[in-house]
$ cat final_10.txt   # compact mmCIF, C-alpha atoms
# COMPACT_ATOMS: atom_id res chain seq x y z
CA MET A 710 11.88 3.84 -27.49
CA GLU A 711 9.89 3.65 -24.26
CA MET A 712 11.40 6.92 -23.11
CA LEU A 713 10.57 8.56 -26.45
CA ARG A 714 7.01 7.25 -26.27
CA GLN A 715 6.53 8.67 -22.78
CA LEU A 716 7.98 12.03 -23.80
CA THR A 717 5.62 12.11 -26.78
CA GLU A 718 2.72 11.30 -24.49
CA THR A 719 3.73 14.05 -22.07
CA VAL A 720 3.97 16.62 -24.84
CA SER A 721 0.56 15.56 -26.13
CA ASN A 722 -1.00 15.81 -22.67
CA LEU A 723 0.50 19.21 -21.99
CA ARG A 724 -0.69 20.54 -25.33
CA GLN A 725 -4.20 19.46 -24.42
CA ILE A 726 -3.90 21.09 -20.99
CA PHE A 727 -2.43 24.43 -22.05
CA GLY A 728 -3.68 25.01 -25.58
CA THR A 729 -2.75 28.43 -27.05
CA VAL A 730 -4.09 31.94 -26.74
CA ASN A 731 -4.75 31.98 -30.48
CA GLY A 732 -7.11 29.06 -30.13
CA ASN A 733 -6.65 25.42 -30.91
CA PRO A 734 -7.62 24.51 -34.49
CA GLU A 735 -7.92 20.87 -33.46
CA THR A 736 -10.66 21.58 -30.91
CA GLU A 737 -12.31 24.79 -32.14
CA SER A 738 -15.49 24.52 -34.13
CA SER A 739 -15.58 26.13 -37.58
CA SER A 740 -17.88 28.89 -36.30
CA GLU A 741 -15.55 29.68 -33.38
CA LEU A 742 -12.58 29.82 -35.71
CA ALA A 743 -14.42 32.09 -38.16
CA ASN A 744 -15.59 34.45 -35.38
CA ARG A 745 -12.07 34.72 -33.95
CA ASN A 746 -10.55 35.48 -37.36
CA LEU A 747 -13.24 38.10 -38.08
CA GLU A 748 -12.61 39.71 -34.68
CA VAL A 749 -8.90 40.05 -35.42
CA GLN A 750 -9.52 41.37 -38.95
CA THR A 751 -11.89 44.11 -37.74
CA ASN A 752 -9.63 45.11 -34.84
CA PRO A 753 -5.93 45.20 -35.86
CA LYS A 754 -4.81 46.32 -32.39
CA LEU A 755 -6.49 43.31 -30.86
CA GLY A 756 -4.76 41.10 -33.42
CA PHE A 757 -1.36 42.65 -32.56
CA VAL A 758 -1.94 42.10 -28.82
CA ARG A 759 -3.09 38.53 -29.36
CA ASN A 760 0.00 37.82 -31.43
CA ARG A 761 2.40 39.20 -28.79
CA VAL A 762 0.62 37.40 -25.95
CA SER A 763 0.57 34.22 -28.00
CA LYS A 764 4.35 34.33 -28.51
CA MET A 765 4.91 34.93 -24.78
CA PHE A 766 2.55 32.10 -23.86
CA ASN A 767 4.06 29.72 -26.39
CA PHE A 768 7.50 30.37 -24.88
CA LYS A 769 6.16 29.54 -21.41
CA GLN A 770 4.33 26.52 -22.78
CA TRP A 771 7.43 25.06 -24.37
CA LEU A 772 9.47 25.89 -21.26
CA VAL A 773 7.03 23.76 -19.28
CA LEU A 774 7.34 21.01 -21.89
CA VAL A 775 11.12 21.06 -21.59
CA VAL A 776 11.00 20.96 -17.78
CA CYS A 777 8.57 18.05 -17.78
CA SER A 778 10.58 16.22 -20.43
CA LEU A 779 13.72 16.59 -18.33
CA ALA A 780 11.83 15.32 -15.29
CA ILE A 781 10.79 12.18 -17.15
CA LEU A 782 14.35 11.75 -18.45
CA LYS A 783 15.51 11.88 -14.84
CA ALA A 784 12.82 9.36 -13.84
CA GLU A 785 14.02 7.04 -16.60
CA GLY A 786 17.69 7.44 -15.84
CA LEU A 787 18.18 3.71 -15.26
CA PHE A 788 19.08 1.57 -18.27
CA VAL A 789 19.41 -2.17 -17.72
CA ASN A 790 21.40 -4.56 -19.90
CA ILE A 791 19.75 -7.49 -21.64
CA THR A 792 20.46 -11.06 -20.49
CA PHE A 793 19.91 -14.04 -22.78
CA VAL A 794 18.80 -17.25 -21.08
CA ARG A 795 21.65 -19.74 -20.91
CA ASN A 796 21.18 -23.08 -22.65
CA ALA A 797 17.65 -22.11 -23.68
CA VAL A 798 18.13 -23.01 -27.34
CA ALA A 799 19.36 -26.51 -26.41
CA ARG A 800 16.17 -27.00 -24.40
CA GLY A 801 13.93 -25.73 -27.18
CA ALA A 802 12.86 -22.70 -25.13
CA VAL A 803 13.03 -20.14 -27.91
CA CYS A 804 11.36 -17.14 -29.54
CA LEU A 805 9.34 -17.48 -32.72
CA ASP A 806 12.50 -17.35 -34.85
CA GLY A 807 14.43 -19.83 -32.70
CA SER A 808 16.54 -17.20 -30.91
CA PRO A 809 17.01 -17.45 -27.11
CA PRO A 810 14.58 -15.66 -24.77
CA ALA A 811 15.80 -12.66 -22.81
CA TYR A 812 15.16 -10.50 -19.79
CA HIS A 813 16.53 -7.43 -18.00
CA LEU A 814 17.40 -7.71 -14.29
CA HIS A 815 18.26 -4.92 -11.89
CA ARG A 816 19.33 -6.21 -8.49
CA GLY A 817 17.62 -5.16 -5.28
CA SER A 818 19.28 -3.67 -2.24
CA GLY A 819 18.72 -3.01 1.44
CA THR A 820 15.28 -4.10 2.65
CA GLY A 821 14.37 -5.24 -0.86
CA ILE A 822 17.27 -7.59 -1.43
CA ASN A 823 15.06 -10.69 -1.02
CA SER A 824 12.01 -9.29 -2.79
CA TRP A 825 11.33 -9.86 -6.49
CA LEU A 826 9.10 -8.07 -9.00
CA ILE A 827 8.71 -9.85 -12.34
CA GLN A 828 7.20 -7.74 -15.12
CA LEU A 829 6.03 -9.64 -18.22
CA GLU A 830 6.16 -7.58 -21.41
CA GLY A 831 3.03 -7.25 -23.52
CA GLY A 832 2.46 -6.99 -27.26
CA GLY A 833 -0.63 -8.87 -28.45
CA TRP A 834 -0.58 -12.31 -30.07
CA CYS A 835 -0.30 -13.94 -33.48
CA ASN A 836 -3.08 -16.30 -34.56
CA ASN A 837 -1.87 -17.59 -37.92
CA VAL A 838 1.35 -18.33 -39.78
CA THR A 839 1.24 -15.02 -41.69
CA ASN A 840 0.94 -12.94 -38.51
CA CYS A 841 3.62 -14.94 -36.74
CA LEU A 842 6.01 -14.58 -39.67
CA SER A 843 5.56 -10.80 -39.47
CA ARG A 844 6.31 -10.83 -35.73
CA MET A 845 9.33 -13.06 -36.27
CA HIS A 846 11.22 -10.12 -37.75
CA THR A 847 10.50 -7.80 -34.81
CA ARG A 848 11.36 -7.69 -31.10
CA LEU A 849 8.03 -9.45 -30.47
CA GLY A 850 9.32 -12.56 -32.21
CA SER A 851 13.09 -12.42 -32.02
CA SER A 852 15.59 -11.54 -29.31
CA LYS A 853 17.93 -10.49 -32.13
CA LYS A 854 15.71 -7.42 -32.61
CA MET A 855 15.58 -6.40 -28.95
CA VAL A 856 17.44 -3.38 -27.58
CA GLU A 857 20.46 -4.17 -25.44
CA ASN A 858 19.65 -1.55 -22.81
CA LEU A 859 16.10 -0.99 -21.63
CA ALA A 860 14.89 2.01 -19.61
CA PHE A 861 13.36 1.03 -16.26
CA SER A 862 10.72 3.44 -15.00
CA ALA A 863 7.37 3.50 -13.19
CA ILE A 864 6.88 0.15 -11.43
CA LEU A 865 10.46 -0.78 -12.43
CA SER A 866 12.09 2.48 -11.32
CA ASN A 867 14.94 2.39 -8.80
CA LYS A 868 14.07 5.78 -7.37
CA LYS A 869 11.93 5.97 -4.25
CA GLN A 870 10.25 9.22 -5.30
CA TYR A 871 8.95 7.55 -8.48
CA ASN A 872 8.33 4.03 -7.17
CA PRO A 873 7.98 4.19 -3.37
CA ASP A 874 7.24 0.53 -2.63
CA PHE A 875 9.34 -1.44 -5.13
CA TYR A 876 12.31 0.80 -5.94
CA ASN A 877 14.83 -1.41 -4.08
CA TRP A 878 13.40 -4.82 -5.03
CA ASN A 879 14.99 -7.13 -7.56
CA ARG A 880 13.12 -5.95 -10.66
CA VAL A 881 12.92 -7.99 -13.86
CA LYS A 882 11.47 -7.22 -17.28
CA VAL A 883 10.83 -10.48 -19.14
CA ARG A 884 10.82 -9.86 -22.88
CA TYR A 885 7.89 -11.19 -24.92
CA CYS A 886 8.75 -12.98 -28.16
CA ASP A 887 6.43 -15.98 -28.50
CA GLY A 888 3.06 -14.47 -29.44
CA SER A 889 0.99 -16.64 -27.07
CA SER A 890 1.26 -15.02 -23.63
CA PHE A 891 3.87 -17.66 -22.74
CA THR A 892 1.49 -20.61 -23.27
CA GLY A 893 2.57 -22.30 -26.52
CA ASP A 894 4.40 -25.61 -26.84
CA VAL A 895 4.60 -27.32 -30.22
CA GLN A 896 7.56 -29.63 -30.77
CA ALA A 897 7.44 -29.75 -34.57
CA VAL A 898 9.00 -26.92 -36.56
CA ASN A 899 8.01 -26.42 -40.19
CA PRO A 900 11.30 -25.91 -42.09
CA ALA A 901 9.50 -23.75 -44.63
CA THR A 902 8.69 -21.12 -42.00
CA ASN A 903 11.10 -21.92 -39.14
CA LEU A 904 8.41 -20.79 -36.71
CA HIS A 905 8.79 -22.04 -33.14
CA PHE A 906 5.75 -22.07 -30.88
CA ARG A 907 7.40 -22.47 -27.48
CA GLY A 908 6.03 -19.80 -25.18
CA ALA A 909 5.47 -22.12 -22.20
CA ARG A 910 9.06 -23.35 -22.44
CA VAL A 911 10.28 -19.76 -22.55
CA TRP A 912 8.33 -19.03 -19.38
CA LEU A 913 9.83 -21.97 -17.51
CA ALA A 914 13.38 -21.35 -18.76
CA VAL A 915 13.33 -17.72 -17.61
CA MET A 916 11.83 -18.61 -14.23
CA GLN A 917 14.41 -21.35 -13.65
CA GLU A 918 17.27 -18.98 -14.40
CA LEU A 919 15.87 -16.33 -12.06
CA LEU A 920 15.44 -18.92 -9.32
CA ALA A 921 19.10 -19.83 -9.73
CA LYS A 922 20.04 -16.14 -9.51
CA GLY A 923 18.44 -15.74 -6.11
CA MET A 924 14.69 -15.79 -6.54
CA ARG A 925 14.59 -19.17 -4.75
CA ASN A 926 15.36 -17.19 -1.58
CA ALA A 927 12.57 -14.67 -2.13
CA GLU A 928 10.61 -13.48 0.87
CA ASN A 929 8.25 -11.50 -1.37
CA ALA A 930 7.49 -12.07 -5.05
CA VAL A 931 5.08 -10.25 -7.36
CA LEU A 932 4.31 -11.48 -10.87
CA SER A 933 3.11 -8.54 -12.92
CA GLY A 934 2.51 -7.80 -16.58
CA CYS A 935 0.96 -5.39 -19.04
CA SER A 936 -1.57 -6.29 -21.76
CA ALA A 937 -0.68 -9.75 -23.13
CA GLY A 938 1.78 -9.85 -20.23
CA GLY A 939 -1.04 -8.96 -17.85
CA LEU A 940 -3.02 -11.89 -19.21
CA ALA A 941 0.04 -14.12 -18.76
CA SER A 942 0.42 -12.98 -15.14
CA LEU A 943 -3.06 -14.36 -14.46
CA MET A 944 -2.66 -17.61 -16.36
CA HIS A 945 0.73 -18.35 -14.77
CA CYS A 946 -0.09 -16.95 -11.34
CA ASP A 947 -0.55 -20.22 -9.44
CA SER A 948 2.29 -21.96 -11.29
CA PHE A 949 4.56 -19.03 -10.37
CA ARG A 950 3.62 -19.50 -6.76
CA ALA A 951 4.35 -23.25 -7.03
CA LEU A 952 7.92 -22.53 -8.16
CA LEU A 953 8.75 -20.60 -5.01
CA PRO A 954 9.36 -21.82 -1.43
CA MET A 955 6.36 -22.35 0.81
CA GLY A 956 7.22 -19.36 2.98
CA THR A 957 7.39 -16.84 0.12
CA LYS A 958 4.64 -14.22 0.06
CA VAL A 959 3.44 -14.34 -3.57
CA LYS A 960 0.97 -12.06 -5.37
CA CYS A 961 0.03 -11.36 -9.01
CA LEU A 962 -0.80 -8.06 -10.70
CA SER A 963 -2.58 -7.89 -14.05
CA ASP A 964 -2.33 -4.51 -15.77
CA ALA A 965 -4.69 -4.13 -18.77
CA GLY A 966 -4.86 -7.91 -19.09
CA PHE A 967 -8.56 -8.45 -18.43
CA PHE A 968 -9.69 -9.01 -22.01
CA LEU A 969 -13.45 -9.29 -22.33
CA ASN A 970 -15.34 -12.00 -24.19
CA THR A 971 -17.82 -9.82 -26.06
CA ARG A 972 -19.24 -9.25 -29.53
CA ASP A 973 -17.90 -6.50 -31.76
CA VAL A 974 -19.98 -3.67 -33.22
CA SER A 975 -21.05 -5.88 -36.12
CA GLY A 976 -22.33 -8.56 -33.75
CA ALA A 977 -19.53 -11.04 -34.52
CA GLN A 978 -17.54 -12.92 -31.88
CA TYR A 979 -14.28 -11.65 -33.30
CA ILE A 980 -12.03 -11.91 -30.23
CA LYS A 981 -13.36 -15.35 -29.29
CA SER A 982 -12.52 -16.63 -32.76
CA TYR A 983 -9.11 -14.97 -32.63
CA PHE A 984 -8.19 -16.56 -29.29
CA LYS A 985 -9.39 -19.94 -30.58
CA ASP A 986 -6.90 -19.64 -33.44
CA VAL A 987 -4.09 -18.59 -31.08
CA VAL A 988 -4.67 -21.58 -28.81
CA ALA A 989 -4.82 -24.01 -31.75
CA LEU A 990 -1.74 -22.66 -33.55
CA HIS A 991 0.49 -22.51 -30.47
CA GLY A 992 -0.72 -25.71 -28.82
CA SER A 993 -1.66 -23.71 -25.74
CA ALA A 994 -4.44 -25.90 -24.37
CA LYS A 995 -2.22 -28.06 -22.15
CA ASN A 996 -0.64 -24.99 -20.56
CA LEU A 997 -3.81 -23.11 -19.65
CA PRO A 998 -5.17 -23.35 -16.08
CA ARG A 999 -6.75 -26.77 -15.61
CA THR A 1000 -9.32 -25.30 -13.26
CA CYS A 1001 -10.72 -23.68 -16.41
CA THR A 1002 -10.02 -26.21 -19.17
CA SER A 1003 -11.72 -28.92 -17.10
CA ARG A 1004 -14.96 -26.93 -17.45
CA LEU A 1005 -14.68 -24.96 -20.69
CA THR A 1006 -13.09 -25.15 -24.12
CA PRO A 1007 -9.44 -24.00 -24.18
CA ALA A 1008 -10.22 -20.83 -26.16
CA MET A 1009 -12.57 -19.66 -23.41
CA CYS A 1010 -9.72 -20.06 -20.93
CA PHE A 1011 -7.84 -17.24 -22.63
CA PHE A 1012 -10.42 -14.90 -21.08
CA PRO A 1013 -9.68 -13.86 -17.46
CA GLN A 1014 -13.38 -13.76 -16.58
CA TYR A 1015 -13.38 -17.58 -16.71
CA VAL A 1016 -9.97 -18.05 -15.09
CA ALA A 1017 -9.42 -15.47 -12.35
CA ARG A 1018 -12.06 -16.69 -9.91
CA GLN A 1019 -10.24 -20.03 -9.50
CA ILE A 1020 -6.77 -18.51 -8.96
CA ARG A 1021 -5.67 -19.35 -5.42
CA THR A 1022 -2.88 -16.76 -5.25
CA PRO A 1023 -3.89 -13.16 -4.37
CA VAL A 1024 -4.51 -11.13 -7.52
CA PHE A 1025 -4.79 -7.40 -8.24
CA ILE A 1026 -6.73 -6.35 -11.34
CA LEU A 1027 -5.74 -2.96 -12.72
CA ASN A 1028 -7.69 -1.98 -15.83
CA ALA A 1029 -9.39 0.90 -17.54
CA ALA A 1030 -13.12 0.34 -17.97
CA TYR A 1031 -12.68 2.02 -21.36
CA ASP A 1032 -9.55 0.09 -22.26
CA SER A 1033 -8.37 1.84 -25.42
CA TRP A 1034 -6.76 -1.28 -26.89
CA GLN A 1035 -9.91 -3.32 -26.37
CA ILE A 1036 -12.09 -0.59 -27.87
CA LYS A 1037 -9.82 -0.52 -30.92
CA ASN A 1038 -9.28 -4.26 -31.35
CA ILE A 1039 -12.15 -6.10 -29.68
CA LEU A 1040 -15.18 -3.80 -29.74
CA ALA A 1041 -14.52 -2.14 -33.11
CA PRO A 1042 -11.79 -4.09 -34.95
CA ARG A 1043 -11.08 -3.30 -38.58
CA ALA A 1044 -13.05 -6.37 -39.69
CA ALA A 1045 -16.18 -4.94 -38.04
CA ASP A 1046 -15.60 -1.38 -39.23
CA PRO A 1047 -14.76 -1.61 -42.96
CA TYR A 1048 -15.61 2.04 -43.64
CA GLY A 1049 -13.56 3.45 -40.75
CA LYS A 1050 -16.46 5.08 -38.90
CA TRP A 1051 -14.77 4.30 -35.58
CA GLN A 1052 -11.31 5.44 -36.58
CA SER A 1053 -11.47 8.98 -35.20
CA CYS A 1054 -13.15 7.78 -32.01
CA GLN A 1055 -10.50 5.09 -31.51
CA LEU A 1056 -7.71 7.63 -31.78
CA ASP A 1057 -9.16 9.88 -29.10
CA ILE A 1058 -12.27 9.34 -26.98
CA LYS A 1059 -13.02 13.05 -27.22
CA ASN A 1060 -13.76 12.52 -30.91
CA CYS A 1061 -16.44 9.90 -30.29
CA GLN A 1062 -19.98 10.55 -31.47
CA PRO A 1063 -22.89 10.17 -28.99
CA ASN A 1064 -23.92 6.81 -30.48
CA GLN A 1065 -20.33 5.56 -30.19
CA LEU A 1066 -20.10 6.69 -26.58
CA LYS A 1067 -23.32 4.79 -25.90
CA VAL A 1068 -21.75 1.62 -27.31
CA MET A 1069 -18.66 2.20 -25.18
CA GLN A 1070 -20.79 2.73 -22.08
CA ASP A 1071 -22.46 -0.60 -22.75
CA PHE A 1072 -19.02 -2.17 -23.14
CA ARG A 1073 -18.04 -0.70 -19.77
CA LEU A 1074 -21.10 -2.19 -18.07
CA GLU A 1075 -20.39 -5.60 -19.58
CA PHE A 1076 -16.76 -5.32 -18.51
CA LEU A 1077 -17.71 -4.38 -14.95
CA SER A 1078 -20.20 -7.25 -14.79
CA ALA A 1079 -17.39 -9.67 -15.69
CA VAL A 1080 -15.03 -8.20 -13.10
CA ILE A 1081 -17.61 -8.06 -10.33
CA GLY A 1082 -18.66 -11.58 -11.28
CA LEU A 1083 -15.33 -12.82 -9.94
CA GLY A 1084 -16.61 -12.12 -6.45
CA ARG A 1085 -15.31 -9.79 -3.77
CA SER A 1086 -12.42 -11.88 -2.50
CA SER A 1087 -10.78 -10.51 0.64
CA SER A 1088 -7.38 -10.92 -1.06
CA ARG A 1089 -8.19 -9.54 -4.52
CA GLY A 1090 -7.28 -5.95 -5.21
CA MET A 1091 -9.02 -3.88 -7.86
CA PHE A 1092 -8.40 -0.48 -9.48
CA ILE A 1093 -10.82 0.08 -12.37
CA ASP A 1094 -10.64 3.66 -13.59
CA SER A 1095 -12.56 5.34 -16.40
CA CYS A 1096 -9.58 6.53 -18.37
CA TYR A 1097 -9.27 5.84 -22.08
CA THR A 1098 -5.91 4.15 -21.89
CA HIS A 1099 -4.10 0.80 -21.92
CA CYS A 1100 -1.37 -0.25 -19.47
CA GLN A 1101 -0.72 2.04 -16.51
CA THR A 1102 2.11 0.45 -14.50
CA GLU A 1103 4.83 1.00 -17.09
CA THR A 1104 4.26 4.71 -17.70
CA GLN A 1105 5.59 7.02 -15.00
CA THR A 1106 2.88 9.64 -15.49
CA SER A 1107 0.10 7.14 -14.79
CA TRP A 1108 1.92 5.04 -12.17
CA PHE A 1109 3.20 7.74 -9.79
CA TRP A 1110 3.48 11.38 -10.82
CA GLN A 1111 2.29 14.79 -9.73
CA ASP A 1112 -0.87 14.48 -11.82
CA SER A 1113 -1.32 10.70 -11.90
CA PRO A 1114 -4.84 9.30 -12.24
CA ILE A 1115 -6.56 9.08 -8.88
CA LEU A 1116 -9.38 6.88 -7.69
CA ASN A 1117 -10.79 7.43 -4.21
CA ARG A 1118 -7.94 9.93 -3.64
CA THR A 1119 -5.42 7.17 -4.30
CA THR A 1120 -2.81 6.73 -7.04
CA ILE A 1121 -2.26 3.40 -8.76
CA ALA A 1122 1.17 3.02 -7.12
CA LYS A 1123 -0.32 3.62 -3.67
CA ALA A 1124 -3.21 1.21 -4.22
CA VAL A 1125 -0.92 -1.56 -5.48
CA GLY A 1126 1.70 -0.95 -2.79
CA ASP A 1127 -0.88 -1.02 0.01
CA TRP A 1128 -2.23 -4.31 -1.33
CA VAL A 1129 1.17 -5.96 -1.73
CA TYR A 1130 2.26 -4.98 1.78
CA ASP A 1131 -1.15 -5.77 3.31
CA ARG A 1132 -1.52 -2.21 4.54
CA LYS A 1133 -4.96 -1.78 3.01
CA LEU A 1134 -7.16 -3.69 0.56
CA PHE A 1135 -8.10 -1.52 -2.41
CA GLN A 1136 -11.22 -2.50 -4.38
CA LYS A 1137 -12.60 0.51 -6.24
CA ILE A 1138 -14.47 1.10 -9.51
CA ASP A 1139 -14.57 4.55 -11.08
CA CYS A 1140 -17.69 6.42 -12.18
CA PRO A 1141 -18.44 6.59 -15.96
CA TYR A 1142 -16.48 8.74 -18.43
CA PRO A 1143 -15.93 11.70 -18.35
CA CYS A 1144 -16.31 12.05 -14.59
CA ASN A 1145 -12.66 11.61 -13.57
CA PRO A 1146 -10.64 14.78 -14.35
CA THR A 1147 -7.36 13.13 -13.32
CA CYS A 1148 -7.45 10.62 -16.17
CA HIS A 1149 -4.71 10.49 -18.79
CA HIS A 1150 -6.62 9.64 -21.95
CA ARG A 1151 -4.33 7.91 -24.40
CA VAL A 1152 -4.18 9.26 -27.93
CA PHE A 1153 -2.98 6.48 -30.23
CA THR A 1154 0.10 6.96 -32.38
CA PRO A 1155 1.73 4.80 -35.10
CA GLN A 1156 4.20 3.55 -32.45
CA ASP A 1157 1.48 1.72 -30.56
CA ALA A 1158 1.41 -2.08 -30.61
CA PRO A 1159 -0.05 -3.29 -33.93
CA PRO A 1160 -3.72 -4.30 -33.85
CA ILE A 1161 -4.69 -7.94 -33.99

$ encode --input "final_10.txt" --output "structure tokens"
Amino acid sequence: MEMLRQLTETVSNLRQIFGTVNGNPETESSSELANRNLEVQTNPKLGFVRNRVSKMFNFKQWLVLVVCSLAILKAEGLFVNITFVRNAVARGAVCLDGSPPAYHLHRGSGTGINSWLIQLEGGGWCNNVTNCLSRMHTRLGSSKKMVENLAFSAILSNKKQYNPDFYNWNRVKVRYCDGSSFTGDVQAVNPATNLHFRGARVWLAVMQELLAKGMRNAENAVLSGCSAGGLASLMHCDSFRALLPMGTKVKCLSDAGFFLNTRDVSGAQYIKSYFKDVVALHGSAKNLPRTCTSRLTPAMCFFPQYVARQIRTPVFILNAAYDSWQIKNILAPRAADPYGKWQSCQLDIKNCQPNQLKVMQDFRLEFLSAVIGLGRSSSRGMFIDSCYTHCQTETQTSWFWQDSPILNRTTIAKAVGDWVYDRKLFQKIDCPYPCNPTCHHRVFTPQDAPPI
């Protein structure tokens, strides 16, 4: 599915880049379309030439699509088997439906044999019994629904040309099936629903098994994650470090996990209320960083802006200032947009009206204020681009590709790699949209993670 999603994204991007000689009905104005049709009608020869050129160009266009698709297939040539955590069920460390947690591990080699990269899967949260019951019948709530073989690409790739700094590390994808960013722990199980809220136990069970499989000998260890997994990588950062030997060099990378505490377009505190429900339902309070819960209510400690400053382990924050998931689910959620005025804008930033772009610019400034408010730590990396996207370490085209997004002439893979290896500290913030021509703006599809 991940491979199919990336191929779909590539096709979409290439269509936007190349267009067609006959014009693009999705981007042409009605007057441009009418003028072009009139021109062809009044000049048949011109119409014949346009048609022939169009067919030739379309052939070249699709040839390029095929070549790029094959390139991504080659980049995603590694499929890794699923591993279910031993004895997890007996310890109560289970997914929402009571099934055992799972992960995918590809062993390192050569210079990377004692280095570990842990990637926590994302997928939002569930804040009430109804939502959790829905998740329970999907891969986000049950290991029974997970694929047996998962494609490893981008930051998980085993090919140096696609992942120059981590290709030979031990690379792990931890599957996400608890709905609480690995923070929940409620002993009681309602027999009417059979819902298990055990995310924190899942986290510990997976880590203990990986330690037994060699991570206890790690010289380098990076805890990474995307979206809800990126949030988890921040909240578990110091506890991850505490599990490893004193001499291990430990760092944490949060990709699209810096969720902002802000009001939606209707003025309501939608995301704050949502996180409050998540924390209460899953019993997360006792598993959130105490450096935060000792000062603020537990729900506030689901927001990185109140947690990250106190993290002692080096952290890298990778995020889009116009995070497409946050725009869709935090700034303009369905509850705040009952008439769907934001729907077209949410699908593609190019469709946004001037007043909507103004709101998004204000969101960006508030987001940057929260990030900068963490302070300029000498160990904290930062790559904040102005792309309309969400998660950039798990997609090859955004992580390390011929046309990957660039900030200060640096790709995401290069910035992260330099930071991990202490070659260079990267702390850069992009200029406002649409200034960065290298951006891959994400167009949402039905396959995207369901909104909260």

$ closest_residue --input "final_10.txt" --among "A:Ala930, A:Pro873, A:Lys1059, A:Pro954" --to "Ala1124 in chain A" --atoms "only C-alpha atoms"
A:Pro873

$ closest_atom_pairs --input "final_10.txt" --of "range 836-898 of chain A" --to "range 790-795 of chain A" --cutoff "8 Å" --atoms "all atoms listed in the file" --output "JSON lines"
{"residue": "A:Val856", "atom": "CA", "partner": "A:Ile791", "partner_atom": "CA", "distance": 7.6}
{"residue": "A:Glu857", "atom": "CA", "partner": "A:Ile791", "partner_atom": "CA", "distance": 5.1}
{"residue": "A:Asn858", "atom": "CA", "partner": "A:Asn790", "partner_atom": "CA", "distance": 4.5}
{"residue": "A:Leu859", "atom": "CA", "partner": "A:Asn790", "partner_atom": "CA", "distance": 6.6}

$ write_last_selection --input "final_10.txt" --atoms "C-alpha atoms" --output "compact mmCIF listing (two decimals), in the coordinates of the input"
# COMPACT_ATOMS: atom_id res chain seq x y z
CA VAL A 856 17.44 -3.38 -27.58
CA GLU A 857 20.46 -4.17 -25.44
CA ASN A 858 19.65 -1.55 -22.81
CA LEU A 859 16.10 -0.99 -21.63

$ closest_residue --input "final_10.txt" --among "A:Cys946, A:Asp986, A:Gly992, A:Thr1098" --to "Ala897 in chain A" --atoms "all atoms listed in the file"
A:Gly992

$ closest_residue --input "final_10.txt" --among "A:Cys1140, A:Met1009, A:Ala863, A:Val911" --to "Leu1116 in chain A" --atoms "all atoms listed in the file"
A:Cys1140

$ atom_distance --input "final_10.txt" --atom1 "CA of Thr1147 in chain A" --atom2 "CA of Ser1113 in chain A"
6.7 Å

$ atom_distance --input "final_10.txt" --atom1 "CA of Leu1040 in chain A" --atom2 "CA of Lys1067 in chain A"
12.4 Å

$ atom_distance --input "final_10.txt" --atom1 "CA of Phe1072 in chain A" --atom2 "CA of Leu849 in chain A"
29.0 Å

$ closest_residue --input "final_10.txt" --among "A:Val881, A:Ala914, A:Ile822, A:Ala937" --to "Leu952 in chain A" --atoms "only C-alpha atoms"
A:Ala914

$ closest_residue --input "final_10.txt" --among "A:Tyr876, A:Phe906, A:Tyr1015, A:Phe984" --to "Arg999 in chain A" --atoms "all atoms listed in the file"
A:Tyr1015

$ residues_around --input "final_10.txt" --residues "Gly850 in chain A" --least-positions-apart "4" --cutoff "8 Å" --atoms "only C-alpha atoms" --output "number ranges by chain"
A: 804-806, 841, 844-846, 885-888

$ residues_near_point --input "final_10.txt" --point "(-11.4, -15.1, -28.8)" --cutoff "7 Å" --atoms "only C-alpha atoms" --output "PyMOL selection string"
chain A and resi 970+979-985+1008

$ residues_around --input "final_10.txt" --residues "Ala1044 in chain A" --least-positions-apart "5" --cutoff "12 Å" --atoms "only C-alpha atoms" --output "number ranges by chain"
A: 973-980, 983, 1037-1039, 1049-1051, 1160-1161

$ residues_around --input "final_10.txt" --residues "Ser942 in chain A" --least-positions-apart "6" --cutoff "9 Å" --atoms "only C-alpha atoms" --output "PDB file with C-alpha atoms, in the frame of the given file"
ATOM      1  CA  GLN A 828       7.200  -7.740 -15.120  1.00  0.00           C
ATOM      2  CA  LEU A 829       6.030  -9.640 -18.220  1.00  0.00           C
ATOM      3  CA  SER A 890       1.260 -15.020 -23.630  1.00  0.00           C
ATOM      4  CA  LEU A 932       4.310 -11.480 -10.870  1.00  0.00           C
ATOM      5  CA  SER A 933       3.110  -8.540 -12.920  1.00  0.00           C
ATOM      6  CA  GLY A 934       2.510  -7.800 -16.580  1.00  0.00           C
ATOM      7  CA  CYS A 935       0.960  -5.390 -19.040  1.00  0.00           C
ATOM      8  CA  PHE A 949       4.560 -19.030 -10.370  1.00  0.00           C
ATOM      9  CA  CYS A 961       0.030 -11.360  -9.010  1.00  0.00           C
ATOM     10  CA  LEU A 962      -0.800  -8.060 -10.700  1.00  0.00           C
ATOM     11  CA  SER A 963      -2.580  -7.890 -14.050  1.00  0.00           C
ATOM     12  CA  ASP A 964      -2.330  -4.510 -15.770  1.00  0.00           C
ATOM     13  CA  GLY A 966      -4.860  -7.910 -19.090  1.00  0.00           C
TER      14      GLY A 966
END

$ closest_residue --input "final_10.txt" --among "A:Asn1028, A:Gln1052, A:Asn867, A:Thr1119" --to "Phe788 in chain A" --atoms "only C-alpha atoms"
A:Asn867

$ residues_around --input "final_10.txt" --residues "Met855 in chain A" --least-positions-apart "4" --cutoff "9 Å" --atoms "only C-alpha atoms" --output "number ranges by chain"
A: 791, 811, 847-849, 851, 884

$ residues_around --input "final_10.txt" --residues "Asn837 in chain A" --least-positions-apart "2" --cutoff "9 Å" --atoms "all atoms listed in the file" --output "ChimeraX atom specification"
/A:835,839-842,986-987,990
